[in-house]
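As stored in my_file.txt (compact mmCIF, C-alpha atoms):
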# COMPACT_ATOMS: atom_id res chain seq x y z
CA MET H 1 57.47 132.55 104.84
CA PRO H 2 54.75 129.98 105.66
CA GLN H 3 55.35 126.45 104.40
CA PRO H 4 53.02 125.17 101.65
CA PRO H 5 50.62 122.41 102.74
CA ILE H 6 51.18 118.83 101.71
CA THR H 7 49.44 118.52 98.36
CA ALA H 8 51.96 116.99 95.99
CA ALA H 9 51.98 113.35 97.10
CA PRO H 10 49.97 111.11 94.74
CA ASP H 11 46.56 109.97 95.87
CA LEU H 12 46.39 106.96 98.16
CA ARG H 13 45.36 104.48 95.47
CA GLU H 14 48.30 105.50 93.29
CA MET H 15 50.75 105.17 96.19
CA LEU H 16 49.44 101.72 97.06
CA ALA H 17 49.70 100.59 93.45
CA GLY H 18 53.23 101.92 93.12
CA LEU H 19 54.47 100.18 96.26
CA ILE H 20 52.94 96.83 95.32
CA ALA H 21 54.30 97.05 91.75
CA THR H 22 57.88 97.59 92.95
CA PRO H 23 59.36 94.23 94.05
CA SER H 24 61.45 94.23 97.22
CA ILE H 25 61.78 90.63 98.40
CA SER H 26 64.22 89.90 101.18
CA SER H 27 65.40 86.35 101.71
CA VAL H 28 68.24 84.44 103.31
CA GLN H 29 68.58 82.72 99.91
CA PRO H 30 70.74 85.02 97.76
CA ALA H 31 69.01 83.93 94.56
CA LEU H 32 65.70 85.32 95.85
CA ASP H 33 66.97 88.41 97.67
CA GLN H 34 66.34 91.81 96.05
CA SER H 35 67.36 95.41 96.64
CA ASN H 36 64.88 97.61 98.50
CA ARG H 37 66.28 100.83 97.03
CA PRO H 38 63.75 101.15 94.16
CA VAL H 39 60.82 101.19 96.57
CA LEU H 40 62.66 103.60 98.88
CA HIS H 41 63.19 105.98 95.95
CA LEU H 42 59.43 105.95 95.34
CA LEU H 43 58.76 106.83 98.96
CA ALA H 44 61.49 109.46 98.96
CA ASP H 45 59.98 111.23 95.95
CA TRP H 46 56.53 111.29 97.50
CA LEU H 47 57.75 112.39 100.92
CA GLU H 48 60.04 115.14 99.61
CA SER H 49 57.21 116.54 97.51
CA ALA H 50 55.08 116.43 100.66
CA GLY H 51 57.51 118.61 102.60
CA PHE H 52 59.42 115.97 104.56
CA ARG H 53 63.20 116.02 104.96
CA VAL H 54 64.36 112.67 103.61
CA GLU H 55 67.51 110.67 104.34
CA LEU H 56 68.57 107.33 102.90
CA LEU H 57 70.79 105.52 105.39
CA PRO H 58 73.03 102.82 103.86
CA ILE H 59 73.30 99.52 105.71
CA PRO H 60 76.94 98.53 106.26
CA GLY H 61 77.81 95.32 104.47
CA HIS H 62 74.61 95.37 102.41
CA PRO H 63 75.08 97.87 99.57
CA ALA H 64 71.77 97.00 97.88
CA LYS H 65 69.81 97.86 101.03
CA ALA H 66 69.05 101.04 102.97
CA ASN H 67 66.70 102.55 105.52
CA LEU H 68 64.68 105.69 104.86
CA VAL H 69 64.01 108.39 107.45
CA ALA H 70 61.59 111.21 106.55
CA THR H 71 60.88 114.00 109.05
CA LEU H 72 58.29 116.76 109.10
CA GLY H 73 58.88 119.46 111.69
CA SER H 74 61.62 119.79 114.30
CA ALA H 75 62.06 118.78 117.91
CA ARG H 76 62.18 121.49 120.53
CA ALA H 77 65.41 121.78 122.48
CA GLY H 78 65.56 119.20 125.25
CA GLU H 79 62.26 117.53 124.23
CA PRO H 80 62.70 114.07 122.64
CA GLY H 81 59.02 113.90 121.70
CA GLY H 82 57.29 113.32 118.43
CA LEU H 83 55.82 110.31 116.69
CA VAL H 84 57.48 107.70 114.47
CA LEU H 85 55.32 105.73 112.02
CA ALA H 86 57.44 102.79 110.93
CA GLY H 87 57.26 99.90 108.54
CA HIS H 88 59.46 97.56 106.56
CA VAL H 89 59.39 97.78 102.79
CA ASP H 90 60.51 94.22 102.10
CA THR H 91 58.21 91.29 101.46
CA VAL H 92 58.62 87.55 101.62
CA PRO H 93 59.02 85.56 98.37
CA CYS H 94 55.80 84.39 96.76
CA ASP H 95 54.53 81.69 94.39
CA PRO H 96 52.73 83.58 91.58
CA HIS H 97 51.17 80.37 90.22
CA ARG H 98 49.26 80.01 93.49
CA TRP H 99 47.71 83.47 93.25
CA ARG H 100 44.42 84.28 91.54
CA TYR H 101 45.77 87.79 90.90
CA ASP H 102 49.15 89.15 89.85
CA PRO H 103 51.02 89.60 93.16
CA LEU H 104 52.82 92.68 91.77
CA ARG H 105 49.67 94.43 90.61
CA LEU H 106 47.24 96.07 93.04
CA THR H 107 43.88 94.47 92.35
CA GLU H 108 40.61 95.61 93.93
CA ALA H 109 37.94 92.92 94.20
CA ASP H 110 35.18 92.11 96.68
CA GLY H 111 36.08 95.11 98.82
CA ARG H 112 39.67 93.91 99.19
CA LEU H 113 43.00 95.18 97.90
CA TYR H 114 45.10 92.24 96.70
CA GLY H 115 48.86 92.25 96.18
CA LEU H 116 52.16 91.18 97.72
CA GLY H 117 52.72 93.45 100.73
CA THR H 118 49.18 94.79 101.06
CA ALA H 119 48.78 93.36 104.57
CA ASP H 120 52.44 92.86 105.48
CA MET H 121 53.08 95.75 105.27
CA LYS H 122 53.74 98.21 102.46
CA SER H 123 50.24 99.64 102.66
CA PHE H 124 50.91 101.11 106.09
CA LEU H 125 53.56 103.46 104.70
CA ALA H 126 51.17 104.82 102.07
CA LEU H 127 48.52 105.27 104.76
CA ALA H 128 51.02 107.14 106.95
CA ILE H 129 51.75 109.59 104.12
CA GLU H 130 48.03 110.00 103.46
CA ALA H 131 47.34 110.66 107.15
CA ALA H 132 49.88 113.51 107.08
CA ARG H 133 48.39 115.11 103.97
CA GLY H 134 47.82 118.84 104.50
CA LEU H 135 50.23 119.24 107.42
CA THR H 136 53.01 121.83 107.42
CA PRO H 137 56.13 121.90 109.59
CA GLY H 138 54.90 125.06 111.29
CA GLN H 139 51.82 123.27 112.62
CA LEU H 140 53.85 120.65 114.47
CA ARG H 141 55.05 121.20 118.01
CA ALA H 142 56.96 117.88 117.75
CA PRO H 143 58.23 116.12 114.64
CA LEU H 144 56.44 113.44 112.67
CA THR H 145 58.84 110.81 111.31
CA ILE H 146 58.10 108.13 108.74
CA LEU H 147 60.64 105.34 108.92
CA ALA H 148 61.00 102.59 106.29
CA THR H 149 63.36 99.72 107.09
CA ALA H 150 65.09 96.88 105.25
CA ASP H 151 65.15 93.12 105.62
CA GLU H 152 62.63 92.67 108.42
CA GLU H 153 61.50 89.46 106.75
CA SER H 154 64.98 87.92 106.79
CA ALA H 155 67.64 89.06 109.27
CA MET H 156 66.34 92.51 110.33
CA HIS H 157 69.49 94.16 108.98
CA GLY H 158 67.74 97.53 108.80
CA ALA H 159 66.64 97.71 112.42
CA ARG H 160 69.96 96.31 113.64
CA ALA H 161 71.83 99.00 111.66
CA LEU H 162 69.75 101.72 113.32
CA VAL H 163 70.71 100.37 116.74
CA ASP H 164 74.39 100.14 115.78
CA ALA H 165 74.29 103.78 114.62
CA GLY H 166 72.62 104.85 117.87
CA ARG H 167 70.35 107.22 115.99
CA ALA H 168 67.34 108.50 117.98
CA PHE H 169 64.18 109.41 116.05
CA GLY H 170 61.45 110.18 118.57
CA ARG H 171 59.84 109.17 121.82
CA HIS H 172 56.75 107.30 120.57
CA ALA H 173 56.65 104.76 117.74
CA ILE H 174 54.01 102.76 115.90
CA ILE H 175 55.07 99.76 113.80
CA GLY H 176 52.29 99.09 111.32
CA GLU H 177 52.55 95.29 111.19
CA PRO H 178 49.28 93.42 110.65
CA THR H 179 47.38 93.36 113.97
CA SER H 180 43.79 93.91 112.73
CA LEU H 181 43.95 97.41 114.27
CA ARG H 182 44.41 95.96 117.76
CA PRO H 183 47.39 97.35 119.72
CA VAL H 184 50.20 94.94 120.65
CA ARG H 185 52.61 96.10 123.35
CA MET H 186 54.71 92.96 123.80
CA HIS H 187 55.79 89.96 121.80
CA LYS H 188 58.04 86.95 122.06
CA GLY H 189 61.60 86.83 120.81
CA VAL H 190 62.86 84.41 118.18
CA MET H 191 65.96 82.21 118.27
CA ALA H 192 67.06 79.85 115.50
CA GLU H 193 69.80 77.46 116.62
CA ALA H 194 71.78 74.71 114.89
CA VAL H 195 72.99 71.75 116.98
CA ARG H 196 75.79 69.82 115.27
CA LEU H 197 77.29 66.49 116.34
CA ARG H 198 80.41 64.89 114.86
CA GLY H 199 80.95 61.17 115.24
CA ARG H 200 82.91 58.61 113.24
CA SER H 201 81.75 56.81 110.10
CA GLY H 202 82.19 53.09 109.62
CA HIS H 203 80.71 49.99 108.01
CA ALA H 204 77.16 49.39 109.20
CA SER H 205 77.86 45.67 109.68
CA ASP H 206 79.96 46.36 112.77
CA PRO H 207 78.80 49.11 115.18
CA GLY H 208 82.22 49.05 116.81
CA LEU H 209 83.80 50.55 113.69
CA GLY H 210 82.19 53.97 114.21
CA ASN H 211 80.40 56.30 116.60
CA SER H 212 76.94 57.30 115.40
CA ALA H 213 76.19 61.01 115.46
CA LEU H 214 72.58 60.17 114.60
CA GLU H 215 72.15 58.02 117.71
CA GLY H 216 73.79 60.77 119.72
CA MET H 217 71.33 63.30 118.28
CA HIS H 218 68.46 61.06 119.37
CA GLU H 219 69.66 61.44 122.95
CA VAL H 220 70.25 65.19 122.48
CA LEU H 221 66.72 65.65 121.15
CA THR H 222 65.30 63.74 124.11
CA GLU H 223 67.22 66.08 126.42
CA ILE H 224 65.97 69.17 124.55
CA LEU H 225 62.34 68.03 124.77
CA ALA H 226 62.76 67.49 128.52
CA TRP H 227 64.21 71.01 128.77
CA ARG H 228 61.25 72.32 126.79
CA ASP H 229 58.87 70.75 129.32
CA HIS H 230 60.85 72.36 132.14
CA LEU H 231 60.67 75.81 130.51
CA GLN H 232 56.93 75.47 129.99
CA ARG H 233 56.40 74.57 133.65
CA THR H 234 58.57 77.35 135.04
CA HIS H 235 57.92 80.32 132.70
CA ARG H 236 54.38 81.55 132.07
CA ASN H 237 52.89 84.84 130.96
CA PRO H 238 49.08 84.70 130.72
CA ALA H 239 48.99 87.80 128.49
CA PHE H 240 50.13 85.63 125.57
CA PRO H 241 47.77 83.32 123.68
CA ILE H 242 50.50 80.66 124.07
CA ALA H 243 51.60 81.53 127.58
CA TRP H 244 54.93 79.68 127.65
CA PRO H 245 58.18 79.62 125.64
CA THR H 246 58.16 77.10 122.80
CA ILE H 247 60.86 74.99 121.15
CA ASN H 248 60.25 73.46 117.74
CA ALA H 249 62.60 70.88 116.22
CA GLY H 250 62.08 71.82 112.59
CA HIS H 251 64.89 70.16 110.63
CA ILE H 252 67.26 67.24 111.09
CA HIS H 253 69.78 65.67 108.74
CA GLY H 254 72.49 63.10 109.29
CA GLY H 255 74.60 60.61 107.42
CA ASP H 256 74.98 59.90 103.72
CA ASN H 257 74.01 56.27 103.12
CA PHE H 258 72.00 53.50 104.78
CA ASN H 259 75.01 51.18 105.12
CA ARG H 260 77.38 53.66 106.78
CA ILE H 261 77.41 54.62 110.43
CA CYS H 262 76.33 58.27 110.60
CA GLY H 263 79.37 60.51 111.02
CA ASP H 264 77.64 63.90 111.22
CA CYS H 265 74.18 65.05 112.23
CA GLU H 266 72.57 68.50 112.41
CA LEU H 267 69.36 69.63 114.11
CA HIS H 268 67.69 73.04 113.67
CA LEU H 269 65.57 74.53 116.45
CA ASP H 270 63.12 77.44 116.63
CA LEU H 271 62.71 78.97 120.10
CA ARG H 272 60.02 81.57 120.91
CA VAL H 273 61.12 83.44 124.00
CA LEU H 274 58.96 85.26 126.55
CA PRO H 275 59.88 88.76 127.76
CA GLY H 276 62.18 88.40 130.74
CA LEU H 277 64.12 85.49 129.24
CA ASP H 278 67.59 86.21 127.87
CA PRO H 279 68.44 84.59 124.51
CA ASP H 280 72.15 84.43 125.39
CA ALA H 281 71.42 82.63 128.65
CA LEU H 282 69.11 80.18 126.87
CA ARG H 283 71.75 79.46 124.25
CA ALA H 284 74.30 78.79 127.00
CA GLU H 285 71.92 76.36 128.70
CA LEU H 286 71.20 74.60 125.40
CA ALA H 287 74.94 74.27 124.78
CA ALA H 288 75.52 72.84 128.26
CA ARG H 289 72.85 70.18 127.72
CA VAL H 290 74.23 69.25 124.29
CA ALA H 291 77.78 69.12 125.67
CA ALA H 292 76.81 66.73 128.47
CA VAL H 293 75.38 64.22 126.00
CA ALA H 294 78.17 64.63 123.44
CA GLU H 295 80.98 64.25 125.95
CA ARG H 296 79.37 61.18 127.49
CA ARG H 297 79.20 59.59 124.03
CA GLY H 298 82.59 60.79 122.78
CA LEU H 299 81.12 63.06 120.08
CA GLY H 300 82.25 66.45 118.86
CA TRP H 301 79.58 69.14 119.11
CA GLU H 302 78.69 72.79 118.59
CA VAL H 303 75.64 75.03 119.00
CA VAL H 304 75.51 78.05 116.68
CA PRO H 305 72.78 80.57 115.84
CA LEU H 306 71.33 80.37 112.33
CA PHE H 307 70.84 84.15 112.57
CA PRO H 308 71.28 86.69 115.39
CA SER H 309 68.38 86.30 117.79
CA ILE H 310 65.46 88.71 117.87
CA PRO H 311 64.90 89.68 121.51
CA PRO H 312 61.46 89.69 123.08
CA ALA H 313 59.81 93.11 123.29
CA GLU H 314 57.75 94.78 125.97
CA THR H 315 56.49 98.34 126.30
CA ALA H 316 55.06 99.27 129.68
CA ALA H 317 51.28 99.09 130.00
CA GLY H 318 51.30 102.66 131.33
CA ALA H 319 53.32 104.14 128.43
CA ALA H 320 51.65 107.10 126.74
CA ILE H 321 51.63 105.44 123.31
CA VAL H 322 49.80 102.44 124.77
CA ALA H 323 47.21 104.53 126.60
CA VAL H 324 46.45 106.73 123.60
CA ALA H 325 46.20 103.78 121.20
CA GLU H 326 43.89 101.92 123.57
CA THR H 327 41.61 104.96 123.73
CA LEU H 328 41.60 105.49 119.96
CA THR H 329 41.03 101.83 119.06
CA GLY H 330 38.79 100.81 121.94
CA HIS H 331 40.94 97.72 122.54
CA ALA H 332 43.26 96.86 125.41
CA ALA H 333 46.86 96.26 124.34
CA GLU H 334 47.69 92.62 123.71
CA ALA H 335 50.66 90.26 123.43
CA ALA H 336 51.69 88.35 120.31
CA SER H 337 53.76 85.27 119.55
CA PHE H 338 55.26 86.70 116.35
CA ALA H 339 58.31 89.01 116.34
CA THR H 340 58.82 92.53 114.98
CA GLU H 341 61.44 95.29 115.02
CA ALA H 342 60.01 96.62 118.32
CA PRO H 343 62.88 95.48 120.59
CA PHE H 344 65.39 97.35 118.41
CA PHE H 345 63.28 100.52 118.43
CA ASN H 346 62.93 100.26 122.21
CA ARG H 347 66.72 100.13 122.49
CA LEU H 348 66.79 103.51 120.75
CA GLY H 349 64.69 105.02 123.53
CA MET H 350 61.28 104.80 121.87
CA GLN H 351 58.09 103.56 123.47
CA THR H 352 56.99 101.19 120.72
CA LEU H 353 53.59 99.74 119.89
CA VAL H 354 52.71 97.34 117.07
CA LEU H 355 49.48 98.38 115.38
CA GLY H 356 48.42 98.04 111.76
CA PRO H 357 45.43 97.46 109.49
CA GLY H 358 46.33 94.09 108.00
CA ASP H 359 45.40 90.65 109.30
CA LEU H 360 48.16 88.26 110.34
CA ALA H 361 46.25 85.43 108.65
CA GLN H 362 46.88 87.16 105.30
CA ALA H 363 50.62 87.63 105.81
CA HIS H 364 52.90 85.35 103.77
CA GLN H 365 49.88 83.80 102.00
CA PRO H 366 48.84 83.54 98.34
CA ASP H 367 46.26 86.21 97.47
CA GLU H 368 47.40 88.43 100.32
CA TYR H 369 44.96 91.28 100.77
CA LEU H 370 44.04 94.32 102.84
CA ASP H 371 40.37 94.71 103.67
CA GLY H 372 39.26 97.99 102.12
CA ALA H 373 37.04 98.65 105.13
CA ARG H 374 40.18 99.08 107.25
CA ILE H 375 41.47 102.10 105.32
CA ALA H 376 39.22 104.81 106.78
CA PRO H 377 39.61 103.62 110.42
CA THR H 378 43.39 103.42 109.97
CA LEU H 379 43.56 106.99 108.67
CA ASP H 380 41.40 108.18 111.57
CA LEU H 381 43.66 106.35 114.01
CA LEU H 382 46.87 107.73 112.53
CA ARG H 383 45.49 111.26 112.45
CA GLY H 384 44.49 110.88 116.08
CA LEU H 385 47.99 109.75 117.02
CA ILE H 386 49.56 112.62 115.06
CA ALA H 387 47.24 115.11 116.77
CA ARG H 388 48.13 113.76 120.21
CA PHE H 389 51.89 113.47 119.84
CA CYS H 390 52.78 116.10 117.21
CA LEU H 391 50.10 118.79 117.21
CA ALA H 392 48.71 119.08 120.75
CA ALA H 393 50.07 121.94 122.85
Give the structure from the file, written as structure tokens.
Amino acid sequence: MPQPPITAAPDLREMLAGLIATPSISSVQPALDQSNRPVLHLLADWLESAGFRVELLPIPGHPAKANLVATLGSARAGEPGGLVLAGHVDTVPCDPHRWRYDPLRLTEADGRLYGLGTADMKSFLALAIEAARGLTPGQLRAPLTILATADEESAMHGARALVDAGRAFGRHAIIGEPTSLRPVRMHKGVMAEAVRLRGRSGHASDPGLGNSALEGMHEVLTEILAWRDHLQRTHRNPAFPIAWPTINAGHIHGGDNFNRICGDCELHLDLRVLPGLDPDALRAELAARVAAVAERRGLGWEVVPLFPSIPPAETAAGAAIVAVAETLTGHAAEAASFATEAPFFNRLGMQTLVLGPGDLAQAHQPDEYLDGARIAPTLDLLRGLIARFCLAA
């Protein structure tokens, strides 16, 4: 019996409004963190009524969170083809008092759609469902998968759980992060590292009574900045707008009172890593440099990640997903300094491209919006990708 066409999903405006109205903040601060399951249940209802097979995949250790996998059609034996349209359903926290509009209410004004997650990146999932409207499983020679993940904005628990499960979804993937509809085929990785020194407190009137961790950290920071200069001289990739790896010293704290020698000091670093550099090797080099200073000064030390590193990502310039997206958008694939779930998808055997309708300048900002003029081109683009990877003979 022929399958009915997709007709039951709500219209696009209703889907966008529903996603924005359902809060799903992820944060490393437990007081701000929220479950993503309510928004996944919305998507599941729409996708099931549209003919997709839907699975909710729990994330071990995080019972309030899950990933959603929705599939239309089936893979042919021995052919790992098909297209995955992926996005995270979580948003960053927001400051409602800084918004002109209610962040949890879709507001249309001046040709823009305002709301938390419009650009980054709930809207992409609604657009993916809309692009598939009218398709039936029998029309597809390769499956179309819509994938919604958890916690991209915090620790990427959703993408990491997919890798741990070893679950393959398709050969070609689009992550709809905000790129202004320009394809991005590689991006830097992100490391967040804590450097901790332990000295000995004492009365500030006599330096001999203690061993200052703060003074030791001054020397460590000098060493790290020299290392940063070395990395910038020796590692360059002109495809990136900032062509070298960066190190930012973003937080430092030591001691407890002006008249005590500082007994403990902690420095937090942000490292943005080019493709080809190994986060584990960089952490080992950082540790060796810290150890040399600490041991010379008789200080205890440790270097620990603030969260598991996000590796750099690169999809080959000649990959089919890159070539097709370049043709459909009219733009050559680029490189970006921000990070996405792409390296985790690539580990699952996908050729992954980052490509979405939002603007990065709107992400994480008050009055976040999606330009309404991007909707029609995005739907055309997604339908072109579906035709190429799921419908073409």
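CA of Phe338 (chain H) to CA of Met191 (chain H) spans 11.8 Å [interatomic distance, one decimal].
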Pick out the residues sitting within 10 Å of region 99-102 of chain H, and hand them over as an MDAnalysis selection string; count all atoms listed in the file, and ignore anything fewer than 2 positions along from it in its own chain.
-> chainID H and resid 21 94:97 104:109 114:116 365:368
With a distance cut-off of 9 Å and only C-alpha atoms, select the neighbouring residues of region 282-293 of chain H, excluding the residue or stretch itself and same-chain residues fewer than 3 positions from it, and output the selection as JSON, numbers by chain.
-> {"H": [191, 193, 195, 197, 216, 217, 219, 220, 221, 223, 224, 227, 277, 278, 279, 296, 297, 298, 299, 300, 301, 302, 303, 304, 305]}
Among H:Leu125, H:Ile242, H:Ala70, H:Val163, Leu12 (chain H) is approached most closely, using all atoms listed in the file, by H:Leu125
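Put simply, CA of Leu144 (chain H) is 22.3 Å away from CA of Arg13 (chain H).
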Could you list, as a PDB file with C-alpha atoms, keeping the file's coordinate frame, every residue within 8 Å of Gly356 (chain H), counting all atoms listed in the file and ignoring same-chain residues fewer than 6 positions away?
ATOM      1  CA  PHE H 124      50.910 101.110 106.090  1.00  0.00           C
ATOM      2  CA  ILE H 175      55.070  99.760 113.800  1.00  0.00           C
ATOM      3  CA  GLY H 176      52.290  99.090 111.320  1.00  0.00           C
ATOM      4  CA  GLU H 177      52.550  95.290 111.190  1.00  0.00           C
ATOM      5  CA  PRO H 178      49.280  93.420 110.650  1.00  0.00           C
ATOM      6  CA  THR H 179      47.380  93.360 113.970  1.00  0.00           C
ATOM      7  CA  SER H 180      43.790  93.910 112.730  1.00  0.00           C
ATOM      8  CA  LEU H 181      43.950  97.410 114.270  1.00  0.00           C
ATOM      9  CA  ARG H 182      44.410  95.960 117.760  1.00  0.00           C
ATOM     10  CA  THR H 378      43.390 103.420 109.970  1.00  0.00           C
TER      11      THR H 378
END
What separates CA of Ala64 (chain H) and CA of His157 (chain H) is a distance of 11.7 Å
Box centre and edge lengths (Å, one decimal), axis-aligned, region 109-121 of chain H plus 5 Å each side, as AutoDock Vina command-line options:
--center_x 44.1 --center_y 93.5 --center_z 99.8 --size_x 27.9 --size_y 14.6 --size_z 21.3
Exercise: Leu214 (chain H) partners within 12 Å, only C-alpha atoms, chain neighbours under 2 positions left out, as a PyMOL selection string | chain H and resi 195-201+210-212+216-221+252-256+258+260-267+294+297+299
Among listed residues H:Arg171, H:Arg347, H:Arg185, H:His230, nearest Leu83 (chain H) (using all atoms listed in the file) | H:Arg171
So which one's closest to Ala325 (chain H), H:Ala194, H:Ala173, H:Ala226, H:Asn67? Using only C-alpha atoms, please.
->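 Smallest distance to Ala325 (chain H) is found for H:Ala173.
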Test item: which residues lie within 12 Å of (61.7, 103.8, 123.7) counting all atoms listed in the file, as JSON, numbers by chain = {"H": [80, 81, 82, 83, 84, 163, 168, 169, 170, 171, 172, 173, 174, 185, 313, 314, 315, 316, 319, 320, 321, 342, 343, 344, 345, 346, 347, 348, 349, 350, 351, 352, 353]}
Please write as a ChimeraX atom specification the list of polymer residues whose atoms come within 8 Å of (66.5, 97.8, 111.3), counting only C-alpha atoms and keeping to the coordinates of the file.
-> /H:67,149-152,156-163,341,344
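Candidate residues H:Ala249, H:Ile310, H:Val39, H:Ala132 were compared for distance to Leu16 (chain H), and the nearest is H:Val39, using only C-alpha atoms.
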Any idea what's packed within 9 Å of Leu43 (chain H), counting only C-alpha atoms, ignoring anything in its chain fewer than 6 positions away? Could you give it as a VMD selection string?
-> chain H and resid 15 19 68 125 to 126 148
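With only C-alpha atoms as the basis for measurement, H:Asp33 is the residue among H:Asp33, H:Glu215, H:Asp45, H:Asp280 that approaches Pro93 (chain H) most closely.
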Just add N, CA and C atoms to region 254-266 of chain H and send it as an mmCIF file, keeping the file's coordinate frame.
data_model
loop_
_atom_site.group_PDB
_atom_site.id
_atom_site.type_symbol
_atom_site.label_atom_id
_atom_site.label_comp_id
_atom_site.auth_asym_id
_atom_site.auth_seq_id
_atom_site.Cartn_x
_atom_site.Cartn_y
_atom_site.Cartn_z
ATOM 1 N N GLY H 254 71.262 63.769 108.882
ATOM 2 C CA GLY H 254 72.490 63.100 109.290
ATOM 3 C C GLY H 254 72.847 61.970 108.338
ATOM 4 N N GLY H 255 74.117 61.737 108.203
ATOM 5 C CA GLY H 255 74.600 60.610 107.420
ATOM 6 C C GLY H 255 74.488 60.822 105.925
ATOM 7 N N ASP H 256 74.978 59.804 105.180
ATOM 8 C CA ASP H 256 74.980 59.900 103.720
ATOM 9 C C ASP H 256 74.553 58.621 103.024
ATOM 10 N N ASN H 257 74.434 57.509 103.767
ATOM 11 C CA ASN H 257 74.010 56.270 103.120
ATOM 12 C C ASN H 257 73.538 55.296 104.193
ATOM 13 N N PHE H 258 72.603 54.404 103.792
ATOM 14 C CA PHE H 258 72.000 53.500 104.780
ATOM 15 C C PHE H 258 73.015 52.530 105.384
ATOM 16 N N ASN H 259 74.085 52.210 104.656
ATOM 17 C CA ASN H 259 75.010 51.180 105.120
ATOM 18 C C ASN H 259 76.293 51.756 105.711
ATOM 19 N N ARG H 260 76.242 53.047 106.067
ATOM 20 C CA ARG H 260 77.380 53.660 106.780
ATOM 21 C C ARG H 260 76.897 54.209 108.109
ATOM 22 N N ILE H 261 77.689 54.002 109.135
ATOM 23 C CA ILE H 261 77.410 54.620 110.430
ATOM 24 C C ILE H 261 77.454 56.135 110.244
ATOM 25 N N CYS H 262 76.468 56.828 110.809
ATOM 26 C CA CYS H 262 76.330 58.270 110.600
ATOM 27 C C CYS H 262 77.468 59.032 111.271
ATOM 28 N N GLY H 263 78.229 59.766 110.472
ATOM 29 C CA GLY H 263 79.370 60.510 111.020
ATOM 30 C C GLY H 263 79.038 61.924 111.461
ATOM 31 N N ASP H 264 78.003 62.529 110.875
ATOM 32 C CA ASP H 264 77.640 63.900 111.220
ATOM 33 C C ASP H 264 76.121 64.024 111.232
ATOM 34 N N CYS H 265 75.622 64.834 112.144
ATOM 35 C CA CYS H 265 74.180 65.050 112.230
ATOM 36 C C CYS H 265 73.922 66.479 112.675
ATOM 37 N N GLU H 266 72.890 67.106 112.093
ATOM 38 C CA GLU H 266 72.570 68.500 112.410
ATOM 39 C C GLU H 266 71.077 68.650 112.657
#
